[in-house]
Amino acid sequence: MNLHAVNAIYRFEMARTRRTLLQSVVAPVITTSLYFVVFGAAIGSRINQVEGISYGAFIVPGLIMLSLLTQSISNAAFGIYFPKFTGTIYELLSAPVSMLEVVLGYVGAAATKALVLGLIILGTATFFVDLQIQHPFVMLMFLVLTAVSFSLFGFIIGIWADNFEKLQMIPLLVVTPLVFLGGTFYSVSMLSPVWQMVTLFNPVFYLVSGLRWSFYSQADVSVWISIGIILGFLAACMATVAWIFKTGYHLRN
């Protein structure tokens, strides 16, 4: 493996983030802070506790997961789509760089950016609520696995998309609603039995639940189920990326 090639792609993508700090970092942090103000302060004053946890602290894992998912997907998707849009993808394809090295460079940079943003939001949350992280190792594991998995998913979207509308369609119309309906702002126990059953079919629900367990040792489902879900999604994304390069789909698209 040519580590110099991986490092070059990685550094190029990270440099792009430094050039767009306002859009890449500041905007998501401000948006998340507004969630804390609106939901934590306004609604939290009417909902004292959820499962023994103050409402402001209860929504922190969900807000971190919301930013982590959306940023992982958008960073990876735009990273590989933009060279296709400008035509510079052919320079990459003609270079002595394997597809594995391309994936490692783009996905690694996207996951790193999402993780950094997630940790910044975690730090921002401490200004609004008192946090306790009872299982920090599990928290970091969930953050890393989620960032890598959804960066791979975003990479797949970037390969598939042939215009900017498709690039934004899945993150905006699929992923974001799943996060909001996945227990970010409420416990599934607060729902009716019918909606509790519906929520169990939402894969993001298990990620939010698992991350919340790492904070407070409380979750709507077993943490082992949550770990199994994210590992299964990671395996599915890896298999899809392998299929894409094996069949040459990235060249035909």
# chains A, B, ... in the order shown; residues from 1 in each chain; ligands from 1

call {"tool": "select_by_dssp", "arguments": {"residues": "segment 10-211 of chain A", "states": "helix (DSSP H, G or I)", "output": "PyMOL selection string"}}
result
chain A and resi 10-19+21-43+55-58+60-86+89-94+99-125+136-160+164-180+188-190+193-199+203-211

call {"tool": "residues_around", "arguments": {"residues": "Ser187 of chain A", "least_positions_apart": "2", "cutoff": "10 Å", "atoms": "only C-alpha atoms", "output": "mmCIF file with N, CA and C atoms, in the first residue's frame"}}
result
data_model
loop_
_atom_site.group_PDB
_atom_site.id
_atom_site.type_symbol
_atom_site.label_atom_id
_atom_site.label_comp_id
_atom_site.auth_asym_id
_atom_site.auth_seq_id
_atom_site.Cartn_x
_atom_site.Cartn_y
_atom_site.Cartn_z
ATOM 1 N N VAL A 50 -36.122 12.877 32.014
ATOM 2 C CA VAL A 50 -36.517 11.720 31.209
ATOM 3 C C VAL A 50 -35.700 10.538 31.708
ATOM 4 N N GLU A 51 -36.363 9.557 32.288
ATOM 5 C CA GLU A 51 -35.702 8.375 32.849
ATOM 6 C C GLU A 51 -34.632 8.757 33.874
ATOM 7 N N PHE A 58 -30.262 14.756 28.459
ATOM 8 C CA PHE A 58 -30.786 13.582 27.756
ATOM 9 C C PHE A 58 -30.632 13.710 26.243
ATOM 10 N N ILE A 59 -30.782 14.913 25.706
ATOM 11 C CA ILE A 59 -30.759 15.078 24.250
ATOM 12 C C ILE A 59 -29.345 15.227 23.685
ATOM 13 N N GLY A 182 -35.609 8.943 15.669
ATOM 14 C CA GLY A 182 -34.878 7.847 16.294
ATOM 15 C C GLY A 182 -34.614 8.036 17.768
ATOM 16 N N GLY A 183 -35.399 8.856 18.432
ATOM 17 C CA GLY A 183 -35.233 9.038 19.868
ATOM 18 C C GLY A 183 -34.248 10.114 20.267
ATOM 19 N N THR A 184 -33.946 11.021 19.352
ATOM 20 C CA THR A 184 -33.021 12.103 19.682
ATOM 21 C C THR A 184 -33.564 12.996 20.790
ATOM 22 N N PHE A 185 -34.844 13.338 20.715
ATOM 23 C CA PHE A 185 -35.434 14.287 21.650
ATOM 24 C C PHE A 185 -36.425 13.633 22.612
ATOM 25 N N SER A 189 -39.964 4.925 25.275
ATOM 26 C CA SER A 189 -40.975 4.536 26.254
ATOM 27 C C SER A 189 -42.090 5.567 26.371
ATOM 28 N N MET A 190 -41.860 6.791 25.867
ATOM 29 C CA MET A 190 -42.865 7.839 25.905
ATOM 30 C C MET A 190 -43.878 7.700 24.780
ATOM 31 N N LEU A 191 -43.618 6.804 23.824
ATOM 32 C CA LEU A 191 -44.487 6.642 22.670
ATOM 33 C C LEU A 191 -45.564 5.594 22.940
ATOM 34 N N GLN A 196 -43.849 2.675 19.170
ATOM 35 C CA GLN A 196 -42.667 1.986 19.683
ATOM 36 C C GLN A 196 -42.237 0.881 18.730
ATOM 37 N N SER A 209 -29.502 5.221 20.867
ATOM 38 C CA SER A 209 -29.664 4.503 22.120
ATOM 39 C C SER A 209 -28.315 4.021 22.662
ATOM 40 N N ALA A 219 -30.524 2.913 28.277
ATOM 41 C CA ALA A 219 -30.818 2.845 26.854
ATOM 42 C C ALA A 219 -32.160 2.166 26.651
ATOM 43 N N ASP A 220 -32.755 2.416 25.492
ATOM 44 C CA ASP A 220 -34.046 1.804 25.167
ATOM 45 C C ASP A 220 -33.887 0.358 24.729
#

call {"tool": "closest_residue", "arguments": {"among": "A:Ser74, A:Thr176, A:Gln49, A:Asn163", "to": "Gly62 of chain A", "atoms": "only C-alpha atoms"}}
result
A:Thr176

call {"tool": "closest_residue", "arguments": {"among": "A:Val144, A:Phe137, A:Gly154, A:Pro28", "to": "Met169 of chain A", "atoms": "only C-alpha atoms"}}
result
A:Gly154

call {"tool": "closest_residue", "arguments": {"among": "A:Leu207, A:Val25, A:Val194, A:Val241", "to": "Leu145 of chain A", "atoms": "only C-alpha atoms"}}
result
A:Leu207

call {"tool": "select_by_dssp", "arguments": {"residues": "segment 40-237 of chain A", "states": "strand (DSSP E)", "output": "ChimeraX atom specification"}}
result
/A:49-50,53-54

call {"tool": "closest_residue", "arguments": {"among": "A:Ile9, A:Leu167, A:Leu66, A:Ile133", "to": "Leu181 of chain A", "atoms": "only C-alpha atoms"}}
result
A:Leu66

call {"tool": "atom_distance", "arguments": {"atom1": "atom CA of Ser98 of chain A", "atom2": "atom CA of Thr86 of chain A"}}
result
20.9 Å

call {"tool": "atom_distance", "arguments": {"atom1": "atom CA of Ala57 of chain A", "atom2": "atom CA of Thr70 of chain A"}}
result
21.0 Å

call {"tool": "residues_around", "arguments": {"residues": "segment 114-123 of chain A", "least_positions_apart": "4", "cutoff": "8 Å", "atoms": "only C-alpha atoms", "output": "number ranges by chain"}}
result
A: 25, 29, 32, 60, 64-65, 67-69, 71-72, 75, 110, 127, 143-144, 147

call {"tool": "closest_residue", "arguments": {"among": "A:Ala161, A:Leu131, A:Leu63, A:Leu211", "to": "Tyr35 of chain A", "atoms": "only C-alpha atoms"}}
result
A:Leu63

call {"tool": "atom_distance", "arguments": {"atom1": "atom CA of Ile244 of chain A", "atom2": "atom CA of Leu231 of chain A"}}
result
20.0 Å

call {"tool": "closest_residue", "arguments": {"among": "A:Ala109, A:Glu165, A:Ile73, A:Ile30", "to": "Arg16 of chain A", "atoms": "only C-alpha atoms"}}
result
A:Ala109
